[in-house]
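*Asks:* Mind looking over this structure? Questions follow.
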Amino acid sequence: TIALQNQLSGMTTASLPTLTSAEMPAGHILQMVQATIGTATTTTTNGSWIDTASLLAITPSSTSSKILALVTAPMTVNNDASDVGFAIRLSRAISGGSTTYPDSLTTDTHGALGAMYRDANTSTYETQQQCSIIGYDSPSTTSATTYKLQMNGYSANATKNNQWGETQITLIEIKG
């Protein structure tokens with residue numbers, strides 16, 4: 001015991017090696033950013049994608065990194081139509097450049113109805129559902145990459161985001 005104490009007494013945290021992101025093995029988490037957005041967005045256009053107020057940026061440390069996106073978005077639609085549903089997706093813009101739409105970051109709940117509620121103020125019925133995205137993206141860049149949530153509704157009625165909750169977005173850089 002005495003010999004071990006003498007060996008440990010000279011060690012400090014400064015003597016421990018530090019790994020850079022380049023030295024980390026593939027599959028390890030390099031960074032994570034997250035945001036909670038409560039600003040409400042409404043559209044009345046059937047079949048058109050519109051931007052919500054929900055966006056988040058991350059700067060990958062390597063062009064081989066993957067970005068794991070986790071999104072939950074509370075959606076609502078006035079329910080006086082028979083065909084209701086929602087779709088959400090993340091668009092991607094690298095350093096303010098052109099916008100792309102990775103297929104892995106799109107979800108569609110058309111036909112999968114959530115809970116129906118009666119609005120006490122207007123006496124109309126609304127369908128509410130928590131929509132989610134869990135997907136990987138490969139932006140192949142080390143520049144700032146901004147992801148923006150977009151929504152679409154399958155009804156001529158108003159489709160809303162964040163009427164009864166807040167959107168959560170988490171972006172995680174995974175070493176490639």
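Ligands are numbered from 1 in the order shown, chains are lettered A, B, ... in the order of the structure tokens, and residues start at 1 in each chain.
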I need the strand (DSSP E or B) residues of range 53-82 of chain A per DSSP on the backbone, written as a list in words.
*Replies:*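 Residues meeting the strand (DSSP E or B) criterion: Ala53, Ser54, Leu55, Leu56, Ala57, Ile58, Lys66, Ile67, Leu68, Ala69, Leu70, Val71, Thr72, Ala73, Pro74, Met75, Thr76, Val77 and Asn78 of chain A.
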*Asks:* Store the residues picked out above, limited to N, CA and C atoms, as a PDB file, in the first residue's frame.
*Replies:*
ATOM      1  N   ALA A  53     -40.200  28.234 -36.902  1.00  0.00           N
ATOM      2  CA  ALA A  53     -39.211  29.071 -36.230  1.00  0.00           C
ATOM      3  C   ALA A  53     -38.074  28.244 -35.644  1.00  0.00           C
ATOM      4  N   SER A  54     -38.115  26.920 -35.845  1.00  0.00           N
ATOM      5  CA  SER A  54     -37.164  26.001 -35.216  1.00  0.00           C
ATOM      6  C   SER A  54     -35.949  25.775 -36.100  1.00  0.00           C
ATOM      7  N   LEU A  55     -34.779  26.237 -35.639  1.00  0.00           N
ATOM      8  CA  LEU A  55     -33.537  25.970 -36.364  1.00  0.00           C
ATOM      9  C   LEU A  55     -32.391  25.841 -35.379  1.00  0.00           C
ATOM     10  N   LEU A  56     -31.341  25.119 -35.841  1.00  0.00           N
ATOM     11  CA  LEU A  56     -30.180  24.861 -34.995  1.00  0.00           C
ATOM     12  C   LEU A  56     -28.980  24.622 -35.889  1.00  0.00           C
ATOM     13  N   ALA A  57     -27.803  25.105 -35.479  1.00  0.00           N
ATOM     14  CA  ALA A  57     -26.582  24.956 -36.280  1.00  0.00           C
ATOM     15  C   ALA A  57     -25.545  24.149 -35.517  1.00  0.00           C
ATOM     16  N   ILE A  58     -24.715  23.436 -36.287  1.00  0.00           N
ATOM     17  CA  ILE A  58     -23.601  22.668 -35.744  1.00  0.00           C
ATOM     18  C   ILE A  58     -22.452  22.776 -36.747  1.00  0.00           C
ATOM     19  N   LYS A  66     -20.832  12.090 -39.062  1.00  0.00           N
ATOM     20  CA  LYS A  66     -22.271  11.955 -39.268  1.00  0.00           C
ATOM     21  C   LYS A  66     -22.963  12.834 -38.234  1.00  0.00           C
ATOM     22  N   ILE A  67     -24.125  13.359 -38.590  1.00  0.00           N
ATOM     23  CA  ILE A  67     -24.923  14.145 -37.656  1.00  0.00           C
ATOM     24  C   ILE A  67     -26.189  13.347 -37.357  1.00  0.00           C
ATOM     25  N   LEU A  68     -26.368  12.996 -36.086  1.00  0.00           N
ATOM     26  CA  LEU A  68     -27.585  12.333 -35.633  1.00  0.00           C
ATOM     27  C   LEU A  68     -28.559  13.429 -35.217  1.00  0.00           C
ATOM     28  N   ALA A  69     -29.722  13.464 -35.845  1.00  0.00           N
ATOM     29  CA  ALA A  69     -30.742  14.470 -35.534  1.00  0.00           C
ATOM     30  C   ALA A  69     -31.894  13.823 -34.789  1.00  0.00           C
ATOM     31  N   LEU A  70     -32.278  14.425 -33.674  1.00  0.00           N
ATOM     32  CA  LEU A  70     -33.410  13.976 -32.861  1.00  0.00           C
ATOM     33  C   LEU A  70     -34.372  15.154 -32.731  1.00  0.00           C
ATOM     34  N   VAL A  71     -35.594  14.995 -33.214  1.00  0.00           N
ATOM     35  CA  VAL A  71     -36.567  16.090 -33.205  1.00  0.00           C
ATOM     36  C   VAL A  71     -37.896  15.578 -32.678  1.00  0.00           C
ATOM     37  N   THR A  72     -38.538  16.350 -31.812  1.00  0.00           N
ATOM     38  CA  THR A  72     -39.937  16.123 -31.458  1.00  0.00           C
ATOM     39  C   THR A  72     -40.654  17.450 -31.655  1.00  0.00           C
ATOM     40  N   ALA A  73     -41.780  17.398 -32.358  1.00  0.00           N
ATOM     41  CA  ALA A  73     -42.525  18.615 -32.682  1.00  0.00           C
ATOM     42  C   ALA A  73     -44.015  18.385 -32.454  1.00  0.00           C
ATOM     43  N   PRO A  74     -44.639  19.176 -31.577  1.00  0.00           N
ATOM     44  CA  PRO A  74     -46.080  19.046 -31.362  1.00  0.00           C
ATOM     45  C   PRO A  74     -46.846  19.687 -32.518  1.00  0.00           C
ATOM     46  N   MET A  75     -47.705  18.907 -33.175  1.00  0.00           N
ATOM     47  CA  MET A  75     -48.451  19.385 -34.330  1.00  0.00           C
ATOM     48  C   MET A  75     -49.950  19.339 -34.043  1.00  0.00           C
ATOM     49  N   THR A  76     -50.685  20.270 -34.661  1.00  0.00           N
ATOM     50  CA  THR A  76     -52.132  20.363 -34.493  1.00  0.00           C
ATOM     51  C   THR A  76     -52.755  20.698 -35.845  1.00  0.00           C
ATOM     52  N   VAL A  77     -53.931  20.145 -36.118  1.00  0.00           N
ATOM     53  CA  VAL A  77     -54.697  20.541 -37.309  1.00  0.00           C
ATOM     54  C   VAL A  77     -56.166  20.632 -36.914  1.00  0.00           C
ATOM     55  N   ASN A  78     -56.850  21.671 -37.423  1.00  0.00           N
ATOM     56  CA  ASN A  78     -58.297  21.760 -37.216  1.00  0.00           C
ATOM     57  C   ASN A  78     -58.920  20.553 -37.882  1.00  0.00           C
TER      58      ASN A  78
END
*Asks:* Considering only C-alpha atoms, return as a ChimeraX atom specification whatever protein or nucleic-acid residues lie within 10 Å of Asp51 in chain A, sequence-local ones (same chain, fewer than 6 positions apart) excluded.
*Replies:* /A:41-43,88-91,148-152
*Asks:* Atoms to include: C-alpha atoms. Write the selected residues as a JSON list (two decimals), in the first residue's frame.
*Replies:*
[["chain", "number", "residue", "atom", "x", "y", "z"],
["A", 41, "THR", "CA", -46.10, 28.55, -36.66],
["A", 42, "THR", "CA", -49.32, 28.21, -38.69],
["A", 43, "THR", "CA", -50.02, 27.42, -42.34],
["A", 88, "ILE", "CA", -42.10, 17.35, -40.82],
["A", 89, "ARG", "CA", -38.56, 17.45, -42.17],
["A", 90, "LEU", "CA", -35.22, 19.09, -41.50],
["A", 91, "SER", "CA", -33.71, 21.14, -44.28],
["A", 148, "LYS", "CA", -34.33, 24.09, -40.02],
["A", 149, "LEU", "CA", -37.60, 22.34, -39.22],
["A", 150, "GLN", "CA", -40.24, 22.52, -41.94],
["A", 151, "MET", "CA", -43.83, 21.32, -41.77],
["A", 152, "ASN", "CA", -46.60, 20.30, -44.13]]
*Asks:* Skipping near chain neighbours, those fewer than 5 positions away, what residues fall within 9 Å of His28 in chain A using only C-alpha atoms, listed as a ChimeraX atom specification?
*Replies:* /A:173-176
*Asks:* May I ask for the distance between CA of Thr146 in chain A and CA of Ser95 in chain A, given in Å to one decimal place?
*Replies:*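 Separation between CA of Thr146 in chain A and CA of Ser95 in chain A: 7.6 Å.
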*Asks:* Calculate how many Å separate CA of Ala158 in chain A from CA of Trp49 in chain A, rounding to one decimal.
*Replies:*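 CA of Trp49 in chain A lies 13.1 Å from CA of Ala158 in chain A.
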*Asks:* So what do you get for CA of Cys131 in chain A versus CA of Thr52 in chain A, distance-wise?
*Replies:*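 Calculated distance between CA of Cys131 in chain A and CA of Thr52 in chain A is 13.8 Å.
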*Asks:* If we count only C-alpha atoms and set the cut-off at 10 Å, which residues sit around Thr63 in chain A, ignoring sequence neighbours fewer than 5 positions away in its own chain? Please answer as a PyMOL selection string.
*Replies:* chain A and resi 138-143+175-176
*Asks:* Have a look at A:Thr159, A:Ser48, A:Thr106, A:Thr145 and name the one nearest to Leu171 in chain A; count only C-alpha atoms.
*Replies:*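 Checking each candidate against Leu171 in chain A, we get A:Thr145 as the closest.
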